[in-house]
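Colleague: Following this line is coords20.cif, made up of mmCIF, C-alpha atoms:
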```cif
data_data
loop_
_atom_site.label_atom_id
_atom_site.label_comp_id
_atom_site.auth_asym_id
_atom_site.auth_seq_id
_atom_site.Cartn_x
_atom_site.Cartn_y
_atom_site.Cartn_z
CA MET A 12 -1.19 11.29 26.03
CA SER A 13 1.42 10.47 23.43
CA SER A 14 0.42 9.68 19.89
CA ASP A 15 1.67 6.12 20.40
CA SER A 16 -0.69 5.56 23.31
CA GLU A 17 -3.47 7.20 21.36
CA ARG A 18 -2.93 4.81 18.49
CA LEU A 19 -2.85 1.75 20.76
CA ALA A 20 -6.00 2.85 22.60
CA HIS A 21 -7.85 3.55 19.39
CA ALA A 22 -6.84 0.20 17.87
CA GLY A 23 -7.97 -1.44 21.12
CA ASP A 24 -11.42 0.12 20.98
CA TYR A 25 -11.74 -0.95 17.38
CA VAL A 26 -10.67 -4.55 17.86
CA LEU A 27 -12.71 -4.95 21.05
CA GLY A 28 -15.81 -3.82 19.14
CA LEU A 29 -16.40 -0.81 21.40
CA LEU A 30 -16.86 1.83 18.72
CA ASP A 31 -20.28 2.88 17.49
CA ASP A 32 -21.04 2.80 13.77
CA ASP A 33 -19.77 6.31 13.07
CA ALA A 34 -16.58 5.90 15.05
CA ARG A 35 -15.97 2.53 13.47
CA ALA A 36 -16.34 3.99 9.98
CA GLU A 37 -13.96 6.79 10.96
CA ALA A 38 -11.42 4.26 12.25
CA GLU A 39 -11.65 2.38 8.97
CA ARG A 40 -11.01 5.53 6.99
CA LYS A 41 -8.04 6.18 9.22
CA MET A 42 -6.66 2.73 8.40
CA GLU A 43 -6.70 3.63 4.73
CA ARG A 44 -4.47 6.63 5.20
CA ASP A 45 -2.42 5.52 8.20
CA PRO A 46 -0.57 2.24 7.60
CA GLU A 47 0.89 2.26 11.12
CA PHE A 48 -2.58 2.35 12.65
CA ALA A 49 -3.75 -0.33 10.22
CA GLU A 50 -0.85 -2.58 11.21
CA THR A 51 -1.53 -1.99 14.91
CA VAL A 52 -5.14 -3.10 14.40
CA ARG A 53 -4.10 -6.14 12.38
CA ARG A 54 -1.58 -7.27 14.99
CA LEU A 55 -3.94 -6.86 17.92
CA ALA A 56 -6.81 -8.60 16.09
CA GLU A 57 -4.52 -11.51 15.32
CA ARG A 58 -3.44 -11.82 18.95
CA MET A 59 -6.95 -11.55 20.32
CA SER A 60 -8.17 -14.26 17.96
CA SER A 61 -6.65 -16.85 20.33
CA LEU A 62 -9.70 -16.16 22.48
CA ASP A 63 -11.96 -17.07 19.56
CA ASP A 64 -10.14 -20.37 19.19
CA THR A 65 -11.17 -21.37 22.71
CA ALA A 66 -14.84 -21.60 21.66
CA LYS A 67 -15.97 -25.21 21.44
CA PRO A 68 -17.31 -25.70 17.90
CA ALA A 69 -21.12 -25.70 17.75
CA ASP A 70 -23.33 -28.08 15.80
CA VAL A 71 -23.96 -26.88 12.28
CA PRO A 72 -27.61 -27.11 11.16
CA ALA A 73 -28.06 -29.66 8.37
CA GLY A 74 -29.67 -27.31 5.83
CA MET A 75 -27.36 -24.34 6.31
CA TRP A 76 -24.85 -25.04 3.56
CA GLY A 77 -27.72 -25.75 1.15
CA GLU A 78 -29.17 -22.31 1.86
CA ILE A 79 -25.82 -20.63 1.32
CA LEU A 80 -25.28 -22.56 -1.89
CA GLY A 81 -28.76 -21.58 -3.07
CA THR A 82 -27.87 -17.93 -2.60
CA ILE A 83 -24.39 -17.94 -4.10
CA ALA A 84 -25.52 -20.00 -7.10
CA THR A 85 -26.72 -16.80 -8.73
CA LEU A 86 -24.60 -14.29 -6.85
CA PRO A 87 -21.75 -12.77 -8.84
CA GLN A 88 -18.45 -12.21 -7.08
CA ASP A 89 -17.25 -8.70 -6.59
CA HIS A 90 -14.02 -8.15 -8.45
CA ASN A 91 -13.86 -4.39 -8.07
CA GLY A 92 -13.22 -2.86 -4.68
CA ALA A 93 -15.87 -2.40 -2.02
CA SER A 94 -19.43 -2.78 -3.19
CA PRO A 95 -22.02 -0.23 -2.12
CA PRO A 96 -24.06 -1.56 0.80
CA GLU A 97 -27.30 -1.70 -1.15
CA GLN A 98 -25.74 -4.21 -3.48
CA SER A 99 -24.07 -6.29 -0.83
CA ALA A 100 -24.32 -10.04 -1.00
CA ALA A 101 -26.17 -10.81 2.14
CA ASN A 102 -28.51 -7.92 1.56
CA GLN A 103 -29.73 -9.64 -1.56
CA ASN A 104 -29.89 -12.90 0.31
CA SER A 105 -32.22 -11.63 2.98
CA ALA A 106 -34.25 -9.34 0.76
CA THR A 107 -37.22 -11.68 0.79
CA GLN A 108 -37.47 -12.56 4.44
CA ALA A 109 -35.69 -9.94 6.55
CA PRO A 110 -37.41 -6.89 8.01
CA PRO A 111 -36.10 -3.60 6.62
CA TRP A 112 -34.11 -2.68 9.69
CA ARG A 113 -32.32 -5.97 9.50
CA LYS A 114 -31.34 -5.35 5.93
CA LEU A 115 -29.91 -2.01 6.91
CA ALA A 116 -28.02 -3.54 9.78
CA LEU A 117 -26.62 -6.16 7.49
CA ALA A 118 -25.46 -3.65 4.96
CA ALA A 119 -23.75 -1.71 7.71
CA SER A 120 -22.02 -4.77 9.10
CA LEU A 121 -20.76 -5.86 5.73
CA ALA A 122 -19.39 -2.43 5.13
CA ALA A 123 -17.76 -2.61 8.53
CA ALA A 124 -16.41 -6.11 8.06
CA PHE A 125 -14.92 -5.27 4.75
CA GLY A 126 -13.84 -1.90 5.93
CA LEU A 127 -11.56 -3.61 8.37
CA GLY A 128 -9.88 -5.75 5.82
CA TYR A 129 -9.98 -3.36 3.02
CA ALA A 130 -8.70 -0.48 4.98
CA GLY A 131 -6.66 -2.23 7.58
CA GLY A 132 -4.92 -4.57 5.26
CA PHE A 133 -5.94 -7.29 7.70
CA VAL A 134 -7.82 -9.33 5.19
CA MET A 135 -8.18 -7.64 1.88
CA LYS A 136 -6.17 -6.31 -0.94
CA THR A 137 -6.36 -2.59 -1.09
CA THR A 138 -7.55 -0.88 -4.24
CA PRO A 139 -4.81 -1.55 -6.78
CA GLU A 140 -2.29 1.24 -6.96
CA PRO A 141 -0.63 2.06 -10.25
CA VAL A 142 2.98 0.90 -10.34
CA VAL A 143 3.97 3.71 -12.67
CA LEU A 144 2.51 6.97 -13.96
CA VAL A 145 3.15 8.36 -17.39
CA VAL A 146 2.74 11.97 -18.45
CA LEU A 147 2.55 12.00 -22.24
CA GLN A 148 3.50 14.98 -24.37
CA THR A 149 2.17 15.92 -27.78
CA PRO A 150 4.70 16.69 -30.57
CA ASP A 151 4.32 20.40 -29.77
CA ASN A 152 5.25 19.70 -26.15
CA THR A 153 1.93 20.16 -24.40
CA THR A 154 0.69 17.52 -22.01
CA GLY A 155 -1.73 15.34 -23.97
CA ALA A 156 -2.57 12.48 -21.64
CA VAL A 157 -1.77 10.82 -18.34
CA PHE A 158 -1.57 7.04 -17.91
CA GLU A 159 -1.73 4.98 -14.77
CA ALA A 160 -0.17 1.59 -15.43
CA PHE A 161 -0.88 -1.29 -13.06
CA ALA A 162 1.12 -4.40 -12.22
CA ASP A 163 -0.97 -6.54 -14.58
CA ASN A 164 -0.31 -4.05 -17.38
CA SER A 165 -3.87 -2.77 -17.34
CA LEU A 166 -3.76 0.90 -18.15
CA LYS A 167 -5.97 3.81 -17.19
CA ILE A 168 -5.84 6.49 -19.84
CA ILE A 169 -6.77 10.05 -18.98
CA PRO A 170 -6.69 12.18 -22.14
CA LEU A 171 -6.04 15.88 -21.54
CA ALA A 172 -6.14 17.01 -25.15
CA ASP A 173 -8.97 16.66 -27.61
CA PHE A 174 -7.46 14.45 -30.30
CA ASP A 175 -8.88 14.69 -33.77
CA VAL A 176 -9.54 11.12 -34.87
CA PRO A 177 -10.92 10.72 -38.41
CA GLN A 178 -13.74 8.19 -38.96
CA ASP A 179 -11.48 5.57 -40.50
CA LYS A 180 -8.77 5.89 -37.87
CA ILE A 181 -8.30 4.72 -34.30
CA MET A 182 -5.91 5.59 -31.48
CA GLN A 183 -3.59 2.73 -30.58
CA VAL A 184 -1.64 2.56 -27.33
CA TRP A 185 1.87 1.12 -27.27
CA THR A 186 4.58 0.42 -24.80
CA LEU A 187 8.23 -0.40 -25.28
CA TYR A 188 9.52 -2.46 -22.37
CA ASP A 189 12.34 -4.12 -24.27
CA ALA A 190 14.00 -2.65 -27.36
CA SER A 191 14.70 -6.12 -28.75
CA VAL A 192 10.96 -6.91 -28.62
CA GLY A 193 9.92 -3.54 -30.01
CA PRO A 194 6.67 -1.67 -29.30
CA VAL A 195 3.80 -3.84 -28.05
CA SER A 196 0.16 -2.84 -28.47
CA LEU A 197 -1.83 -2.38 -25.25
CA GLY A 198 -5.13 -1.73 -27.06
CA THR A 199 -7.07 0.86 -28.98
CA LEU A 200 -9.52 3.65 -28.27
CA SER A 201 -11.72 5.51 -30.70
CA SER A 202 -12.25 8.75 -28.79
CA ALA A 203 -10.46 10.85 -26.20
CA GLU A 204 -12.29 9.57 -23.11
CA VAL A 205 -11.04 8.19 -19.84
CA THR A 206 -10.54 4.53 -20.65
CA THR A 207 -9.10 1.50 -18.92
CA LEU A 208 -7.39 -1.06 -21.13
CA LYS A 209 -7.27 -4.66 -19.94
CA GLY A 210 -4.11 -6.15 -18.53
CA GLN A 211 -1.72 -8.23 -20.63
CA ALA A 212 0.88 -10.85 -19.90
CA LEU A 213 3.86 -8.53 -20.08
CA PRO A 214 6.58 -7.67 -17.56
CA VAL A 215 5.43 -5.39 -14.73
CA PRO A 216 5.71 -1.79 -15.95
CA ALA A 217 9.00 -0.21 -14.92
CA ALA A 218 10.28 3.32 -14.52
CA ASP A 219 11.47 4.91 -17.79
CA GLN A 220 9.40 2.52 -19.90
CA LEU A 221 8.16 4.27 -23.06
CA TYR A 222 4.43 4.67 -23.73
CA GLU A 223 2.84 6.27 -26.76
CA ILE A 224 -0.38 6.63 -28.70
CA THR A 225 -0.32 6.57 -32.50
CA LEU A 226 -3.03 7.17 -35.04
CA GLU A 227 -3.67 3.94 -36.95
CA PRO A 228 -6.16 2.69 -39.52
CA ARG A 229 -9.21 0.96 -37.98
CA PRO A 230 -9.34 -1.54 -36.39
CA GLY A 231 -5.67 -1.20 -35.50
CA SER A 232 -2.18 -1.23 -37.00
CA PRO A 233 -2.07 -3.74 -39.90
CA THR A 234 1.53 -4.69 -39.07
CA GLY A 235 1.24 -5.07 -35.31
CA LYS A 236 3.75 -2.23 -34.91
CA PRO A 237 3.14 1.54 -34.96
CA THR A 238 2.70 2.82 -38.51
CA GLY A 239 0.95 6.19 -38.07
CA PRO A 240 1.90 9.55 -36.54
CA ILE A 241 2.61 9.76 -32.81
CA LEU A 242 -0.11 11.69 -30.96
CA VAL A 243 1.55 11.62 -27.54
CA LYS A 244 4.46 9.89 -25.89
CA GLY A 245 6.09 9.80 -22.49
CA PHE A 246 8.22 7.81 -20.09
CA ALA A 247 6.96 6.04 -16.98
CA LYS A 248 7.77 7.36 -13.53
CA ARG A 249 7.23 5.67 -10.18
CA PRO A 250 4.75 7.51 -7.95
CA ALA A 251 6.53 9.19 -5.03
CA GLY A 252 6.14 7.71 -1.55
CA MET B 8 4.51 -26.42 11.80
CA SER B 9 1.69 -26.32 14.35
CA ALA B 10 -1.79 -27.69 13.79
CA VAL B 11 -3.16 -24.16 13.69
CA GLU B 12 -0.63 -23.14 11.03
CA ARG B 13 -1.48 -26.19 8.94
CA SER B 14 -5.15 -25.40 9.26
CA ASP B 15 -4.47 -21.77 8.30
CA GLN B 16 -2.67 -22.82 5.14
CA PHE B 17 -5.43 -25.27 4.27
CA CYS B 18 -8.06 -22.53 4.61
CA ASP B 19 -5.97 -19.97 2.70
CA GLY B 20 -5.69 -22.41 -0.20
CA LEU B 21 -9.43 -22.99 -0.18
CA MET B 22 -10.19 -19.27 -0.08
CA LEU B 23 -7.94 -18.65 -3.08
CA ARG B 24 -9.97 -21.25 -4.96
CA VAL B 25 -13.17 -19.55 -3.83
CA ALA B 26 -11.73 -16.32 -5.22
CA SER B 27 -11.56 -17.93 -8.64
CA GLY B 28 -15.24 -18.88 -8.47
CA ASP B 29 -14.99 -22.36 -6.93
CA ARG B 30 -18.18 -22.95 -4.89
CA GLU B 31 -17.06 -26.40 -3.76
CA ALA B 32 -14.03 -24.84 -2.09
CA LEU B 33 -16.37 -22.59 -0.13
CA GLY B 34 -18.27 -25.75 0.86
CA ASP B 35 -15.02 -27.25 2.17
CA LEU B 36 -14.31 -24.07 4.12
CA PHE B 37 -17.83 -24.18 5.51
CA ALA B 38 -17.34 -27.79 6.60
CA SER B 39 -14.07 -26.85 8.29
CA GLU B 40 -15.00 -23.52 9.91
CA ALA B 41 -18.77 -23.15 10.37
CA GLY B 42 -18.96 -24.87 13.75
CA ARG B 43 -16.15 -22.73 15.16
CA LEU B 44 -17.68 -19.55 13.78
CA ILE B 45 -21.17 -20.30 15.10
CA ALA B 46 -19.63 -20.84 18.54
CA ILE B 47 -17.84 -17.47 18.36
CA ALA B 48 -21.01 -15.67 17.24
CA ARG B 49 -23.01 -17.43 19.92
CA ARG B 50 -20.79 -16.11 22.69
CA ILE B 51 -21.79 -12.65 21.52
CA LEU B 52 -25.41 -13.22 20.54
CA ARG B 53 -26.36 -16.02 22.96
CA ARG B 54 -29.20 -17.00 20.64
CA LYS B 55 -28.45 -20.02 18.48
CA ASP B 56 -30.63 -18.81 15.59
CA LEU B 57 -28.98 -15.38 15.43
CA ALA B 58 -25.50 -16.89 15.66
CA GLU B 59 -26.33 -19.16 12.74
CA GLU B 60 -27.69 -16.22 10.81
CA ALA B 61 -24.47 -14.26 11.35
CA VAL B 62 -22.42 -17.19 10.05
CA GLN B 63 -24.67 -17.88 7.08
CA GLU B 64 -24.47 -14.25 6.00
CA GLY B 65 -20.75 -14.26 6.63
CA PHE B 66 -20.19 -17.10 4.17
CA ILE B 67 -22.31 -15.39 1.54
CA ALA B 68 -20.27 -12.23 2.00
CA ALA B 69 -17.05 -14.27 1.83
CA TRP B 70 -18.16 -15.70 -1.50
CA LYS B 71 -18.90 -12.29 -2.90
CA HIS B 72 -15.74 -10.61 -1.70
CA ALA B 73 -13.33 -13.54 -2.03
CA PRO B 74 -11.52 -12.01 -5.04
CA ARG B 75 -10.15 -9.40 -2.68
CA PHE B 76 -8.79 -11.89 -0.16
CA ASP B 77 -5.01 -11.66 0.12
CA PRO B 78 -3.26 -14.33 2.23
CA ALA B 79 -0.24 -12.08 2.57
CA ARG B 80 -2.30 -9.77 4.76
CA GLY B 81 -3.87 -12.22 7.15
CA SER B 82 -5.23 -15.74 7.12
CA ALA B 83 -8.54 -16.81 5.62
CA ARG B 84 -9.63 -18.04 9.06
CA ALA B 85 -8.94 -14.61 10.54
CA TRP B 86 -10.80 -13.01 7.66
CA LEU B 87 -13.88 -15.16 8.15
CA THR B 88 -13.73 -14.59 11.90
CA THR B 89 -13.63 -10.83 11.43
CA ILE B 90 -16.62 -10.89 9.12
CA VAL B 91 -18.67 -13.02 11.48
CA ARG B 92 -17.66 -11.07 14.61
CA ASN B 93 -18.61 -7.77 13.02
CA ARG B 94 -21.86 -9.23 11.78
CA ALA B 95 -22.68 -10.57 15.24
CA LEU B 96 -21.88 -7.23 16.89
CA ASN B 97 -24.17 -5.46 14.46
CA ILE B 98 -27.05 -7.82 15.06
CA LEU B 99 -26.50 -7.29 18.76
CA ARG B 100 -26.34 -3.49 18.65
CA ASP B 101 -29.35 -3.25 16.37
CA GLY B 102 -31.32 -5.50 18.66
CA GLN B 103 -30.54 -3.17 21.53
CA ARG B 104 -31.47 -0.07 19.61
CA LEU B 105 -34.81 -1.66 18.89
CA ARG B 106 -35.24 -2.67 22.51
CA LEU B 107 -35.61 -6.31 21.63
CA THR B 108 -35.33 -7.32 25.23
CA GLY B 109 -36.56 -10.83 26.05
CA ASP B 110 -33.81 -13.12 24.84
CA ASP B 111 -31.27 -10.34 24.83
CA MET B 112 -31.69 -9.96 28.55
CA ALA B 113 -30.66 -13.54 29.06
CA ARG B 114 -27.15 -12.70 27.98
CA HIS B 115 -26.60 -10.79 31.18
CA GLY B 116 -27.28 -13.91 33.17
CA GLU B 117 -24.92 -16.83 33.38
CA SER B 118 -23.22 -15.93 30.13
CA ASP B 119 -20.48 -13.64 31.37
CA SER B 120 -18.65 -16.54 32.98
CA SER B 121 -17.74 -17.65 29.46
CA ALA B 122 -15.51 -14.57 29.10
CA ASP B 123 -13.42 -15.80 32.03
CA ALA B 124 -13.62 -19.34 30.69
CA ALA B 125 -12.20 -18.21 27.34
CA PHE B 126 -9.28 -16.59 29.17
CA GLU B 127 -8.67 -19.69 31.29
CA ALA B 128 -8.78 -21.90 28.20
CA LEU B 129 -5.97 -19.99 26.47
CA ASP B 130 -2.82 -22.02 26.04
CA GLU B 131 -0.31 -21.31 28.80
CA ALA B 132 2.34 -20.71 26.13
CA ASP B 133 0.18 -18.08 24.41
CA ALA B 134 1.62 -14.60 24.93
CA LEU B 135 -1.94 -13.29 25.11
CA LYS B 136 -2.57 -15.35 28.23
CA HIS B 137 0.62 -14.14 29.84
CA CYS B 138 -0.06 -10.51 28.98
CA LEU B 139 -3.71 -10.59 30.03
CA SER B 140 -2.68 -12.09 33.37
CA GLN B 141 -0.33 -9.16 33.92
CA LEU B 142 -3.32 -6.78 33.94
CA ASP B 143 -5.27 -5.84 37.07
CA GLU B 144 -8.40 -7.90 37.29
CA PRO B 145 -10.88 -5.10 36.46
CA ARG B 146 -8.92 -4.18 33.33
CA ARG B 147 -8.63 -7.79 32.25
CA ARG B 148 -12.32 -8.52 32.85
CA SER B 149 -13.41 -5.38 31.00
CA ILE B 150 -11.35 -6.36 27.97
CA LEU B 151 -12.63 -9.93 28.02
CA LEU B 152 -16.28 -8.87 28.38
CA ALA B 153 -15.91 -6.53 25.42
CA TYR B 154 -14.06 -8.89 23.10
CA VAL B 155 -15.53 -12.28 23.94
CA LEU B 156 -19.13 -11.26 24.65
CA GLY B 157 -19.41 -8.03 22.70
CA TYR B 158 -20.35 -5.94 25.76
CA THR B 159 -20.49 -2.15 25.42
CA HIS B 160 -18.78 0.22 27.87
CA GLY B 161 -22.18 0.72 29.53
CA GLU B 162 -22.84 -2.99 29.91
CA ILE B 163 -19.40 -3.55 31.37
CA ALA B 164 -19.98 -0.70 33.83
CA ALA B 165 -23.26 -2.30 34.91
CA LYS B 166 -21.73 -5.74 35.14
CA LEU B 167 -18.71 -4.65 37.17
CA ASN B 168 -20.68 -2.09 39.14
CA ALA B 169 -18.31 0.73 38.27
CA PRO B 170 -18.78 4.24 36.87
CA LEU B 171 -18.71 4.48 33.08
CA GLY B 172 -15.67 6.79 33.05
CA THR B 173 -13.75 4.36 35.22
CA VAL B 174 -14.51 1.49 32.88
CA LYS B 175 -13.38 3.51 29.90
CA ALA B 176 -10.12 4.29 31.67
CA TRP B 177 -9.61 0.63 32.62
CA ILE B 178 -10.04 -0.45 29.04
CA ARG B 179 -7.90 2.32 27.64
CA ARG B 180 -4.99 1.65 29.97
CA GLY B 181 -5.61 -2.08 29.72
CA VAL B 182 -5.37 -2.31 25.94
CA ILE B 183 -2.31 -0.06 25.85
CA ALA B 184 -0.52 -2.19 28.46
CA LEU B 185 -1.65 -5.35 26.71
CA GLN B 186 -0.20 -4.30 23.35
CA GLU B 187 3.02 -3.11 24.94
CA CYS B 188 3.36 -6.50 26.62
CA LEU B 189 2.57 -8.37 23.40
CA SER B 190 5.02 -6.47 21.25
#
```
Re-express the file's structure as structure tokens.
Modeller:
Amino acid sequence: MSSDSERLAHAGDYVLGLLDDDARAEAERKMERDPEFAETVRRLAERMSSLDDTAKPADVPAGMWGEILGTIATLPQDHNGASPPEQSAANQNSATQAPPWRKLALAASLAAAFGLGYAGGFVMKTTPEPVVLVVLQTPDNTTGAVFEAFADNSLKIIPLADFDVPQDKIMQVWTLYDASVGPVSLGTLSSAEVTTLKGQALPVPAADQLYEITLEPRPGSPTGKPTGPILVKGFAKRPAG
Amino acid sequence: MSAVERSDQFCDGLMLRVASGDREALGDLFASEAGRLIAIARRILRRKDLAEEAVQEGFIAAWKHAPRFDPARGSARAWLTTIVRNRALNILRDGQRLRLTGDDMARHGESDSSADAAFEALDEADALKHCLSQLDEPRRRSILLAYVLGYTHGEIAAKLNAPLGTVKAWIRRGVIALQECLS
């Protein structure tokens, strides 16, 4: 059996709903790492959905929307990746009336439903990938921090050195995307911990863009430009692949 | 632009509004899609109350996860359908594990004709109809029973009075041939 046939058969079992829970979860993990498989699933699911469209619409019970609205009125939306099953929306919804097995089943099905989209790219955005990575060097040429910069200019900072930050000082993060604009502040941090700074309305980070951290007086540079010593700096690189 | 494409764009627009916290937009989606989704779930679950439950939970899940909806990767209608189908399959499988016979048994009665009916109702111009008709009848019926009614391999084997291994082979070769034809 060629790998092509294997992929088509596996996608078929998935889309036809023939996999048990474990195999379905495995297929969804496969979609995350195998874009070709994910695309095969998405295409087949789209084609098969013509069969769904042949169902004659059923009557909708009068109170149903009211019940949904009652649940979502207090239900926050999930803005960060897949939620753990025990916190899933419908789980909360049915917490008062559903028997325990049903709650478990529901959690599983939500995981599965979102697994498909999330992993398969059929319906969901995947976890955001950084558009560039930055390895930042200290003045004595050791690696001091790694940044992951995302399309919205949010920035994950992973310090690798233990910076000495006096009480009255703060670390300020800068990027230079355009020399005529000069360095722009991306935010501050008071200690060397993994931190994510919020996105800003700046151009999408590009390769070779300069990033640096300077030591500034609290609560941040008084001039809006770097004034203190550079702790680390580095240039952005695109992740391979 | 076809009616389905227009409807897809309409729903995608609504879902993007839902993603920004607009509950009314979800209400409009519900008004547009709930009847269709209940019908799809009911093919699988047979029971009206369970089908409605699957759809109700699906909309709640759609609300919660809407920020991750991306129209570039598939339509909002397809997204909702996937959620509801998976939910229905899970209710079905859990019911079987718990031996909730009674109503579940009824689905082996007259219901399987609706798998053939769904195939017959496909538009003649739909490549899926053409490609399904190219398959041998046992392969086609196995695929339809699985997709439309949510049958397991074992249920299909019982329904078509064939050994389990044979059914698995029919489906395997069937879905491969189907995708090759569709591509």
Colleague: Using the chain letters and numbering of this document, enumerate as a ChimeraX atom specification the residues selected by the PyMOL selection byres ((chain B and resi 128) around 12).
Modeller: /A:61-67 /B:121-127,129-133,135-136
Colleague: Residues within 10 Å of (-6.9, -7.4, -21.6), file coordinates, counting only C-alpha atoms: what are they? Give the list as a list in words.
Modeller: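 Residues with an atom at most 10 Å from (-6.9, -7.4, -21.6): Asp163, Asn164, Ser165, Leu166, Leu197, Gly198, Thr207, Leu208, Lys209, Gly210, Gln211 and Ala212 of chain A.
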Colleague: On this file, the PyMOL selection byres ((chain B and resi 87) around 12) gives some set of residues; write that set as a short mmCIF file (atom, residue, chain, number, x, y, z; two decimals) with C-alpha atoms, in the coordinates of the input.
Modeller:
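The resulting file, out.cif, is reproduced below:
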```cif
data_model
loop_
_atom_site.label_atom_id
_atom_site.label_comp_id
_atom_site.auth_asym_id
_atom_site.auth_seq_id
_atom_site.Cartn_x
_atom_site.Cartn_y
_atom_site.Cartn_z
CA SER A 60 -8.17 -14.26 17.96
CA ASP A 63 -11.96 -17.07 19.56
CA LEU A 121 -20.76 -5.86 5.73
CA ALA A 124 -16.41 -6.11 8.06
CA PHE A 125 -14.92 -5.27 4.75
CA LEU A 127 -11.56 -3.61 8.37
CA GLY A 128 -9.88 -5.75 5.82
CA PHE A 133 -5.94 -7.29 7.70
CA VAL A 134 -7.82 -9.33 5.19
CA MET A 135 -8.18 -7.64 1.88
CA ASP B 15 -4.47 -21.77 8.30
CA CYS B 18 -8.06 -22.53 4.61
CA ASP B 19 -5.97 -19.97 2.70
CA MET B 22 -10.19 -19.27 -0.08
CA LEU B 33 -16.37 -22.59 -0.13
CA LEU B 36 -14.31 -24.07 4.12
CA PHE B 37 -17.83 -24.18 5.51
CA SER B 39 -14.07 -26.85 8.29
CA GLU B 40 -15.00 -23.52 9.91
CA ALA B 41 -18.77 -23.15 10.37
CA ARG B 43 -16.15 -22.73 15.16
CA LEU B 44 -17.68 -19.55 13.78
CA ILE B 45 -21.17 -20.30 15.10
CA ILE B 47 -17.84 -17.47 18.36
CA ALA B 48 -21.01 -15.67 17.24
CA ALA B 61 -24.47 -14.26 11.35
CA VAL B 62 -22.42 -17.19 10.05
CA GLN B 63 -24.67 -17.88 7.08
CA GLU B 64 -24.47 -14.25 6.00
CA GLY B 65 -20.75 -14.26 6.63
CA PHE B 66 -20.19 -17.10 4.17
CA ILE B 67 -22.31 -15.39 1.54
CA ALA B 68 -20.27 -12.23 2.00
CA ALA B 69 -17.05 -14.27 1.83
CA TRP B 70 -18.16 -15.70 -1.50
CA HIS B 72 -15.74 -10.61 -1.70
CA ALA B 73 -13.33 -13.54 -2.03
CA PHE B 76 -8.79 -11.89 -0.16
CA GLY B 81 -3.87 -12.22 7.15
CA SER B 82 -5.23 -15.74 7.12
CA ALA B 83 -8.54 -16.81 5.62
CA ARG B 84 -9.63 -18.04 9.06
CA ALA B 85 -8.94 -14.61 10.54
CA TRP B 86 -10.80 -13.01 7.66
CA THR B 88 -13.73 -14.59 11.90
CA THR B 89 -13.63 -10.83 11.43
CA ILE B 90 -16.62 -10.89 9.12
CA VAL B 91 -18.67 -13.02 11.48
CA ARG B 92 -17.66 -11.07 14.61
CA ASN B 93 -18.61 -7.77 13.02
CA ARG B 94 -21.86 -9.23 11.78
#
```
Colleague: Near stretch 50-57 of chain B, within 7 Å and counting only C-alpha atoms, which residues show up once chain neighbours fewer than 4 positions away are dropped, as an mmCIF file with C-alpha atoms, keeping the file's coordinate frame?
Modeller:
```cif
data_model
loop_
_atom_site.group_PDB
_atom_site.id
_atom_site.type_symbol
_atom_site.label_atom_id
_atom_site.label_comp_id
_atom_site.auth_asym_id
_atom_site.auth_seq_id
_atom_site.Cartn_x
_atom_site.Cartn_y
_atom_site.Cartn_z
ATOM 1 C CA ALA B 46 -19.630 -20.840 18.540
ATOM 2 C CA ALA B 61 -24.470 -14.260 11.350
ATOM 3 C CA ALA B 95 -22.680 -10.570 15.240
ATOM 4 C CA LEU B 99 -26.500 -7.290 18.760
ATOM 5 C CA ARG B 114 -27.150 -12.700 27.980
ATOM 6 C CA VAL B 155 -15.530 -12.280 23.940
ATOM 7 C CA LEU B 156 -19.130 -11.260 24.650
ATOM 8 C CA GLY B 157 -19.410 -8.030 22.700
#
```
Colleague: Mind giving me the straight-line distance from atom CA of A:Thr154 to atom CA of A:Phe174 in Å, one decimal?
Modeller: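 Interatomic distance, atom CA of A:Thr154 to atom CA of A:Phe174: 12.0 Å.
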Colleague: Between atom CA of A:Ser16 and atom CA of B:Leu152, what is the distance in Å, rounded to a tenth?
Modeller: 21.8 Å
Colleague: Rounded to one decimal in Å, what is the spacing between atom CA of A:Asp70 and atom CA of B:Gly42?
Modeller: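 Atom CA of A:Asp70 sits 5.8 Å away from atom CA of B:Gly42.
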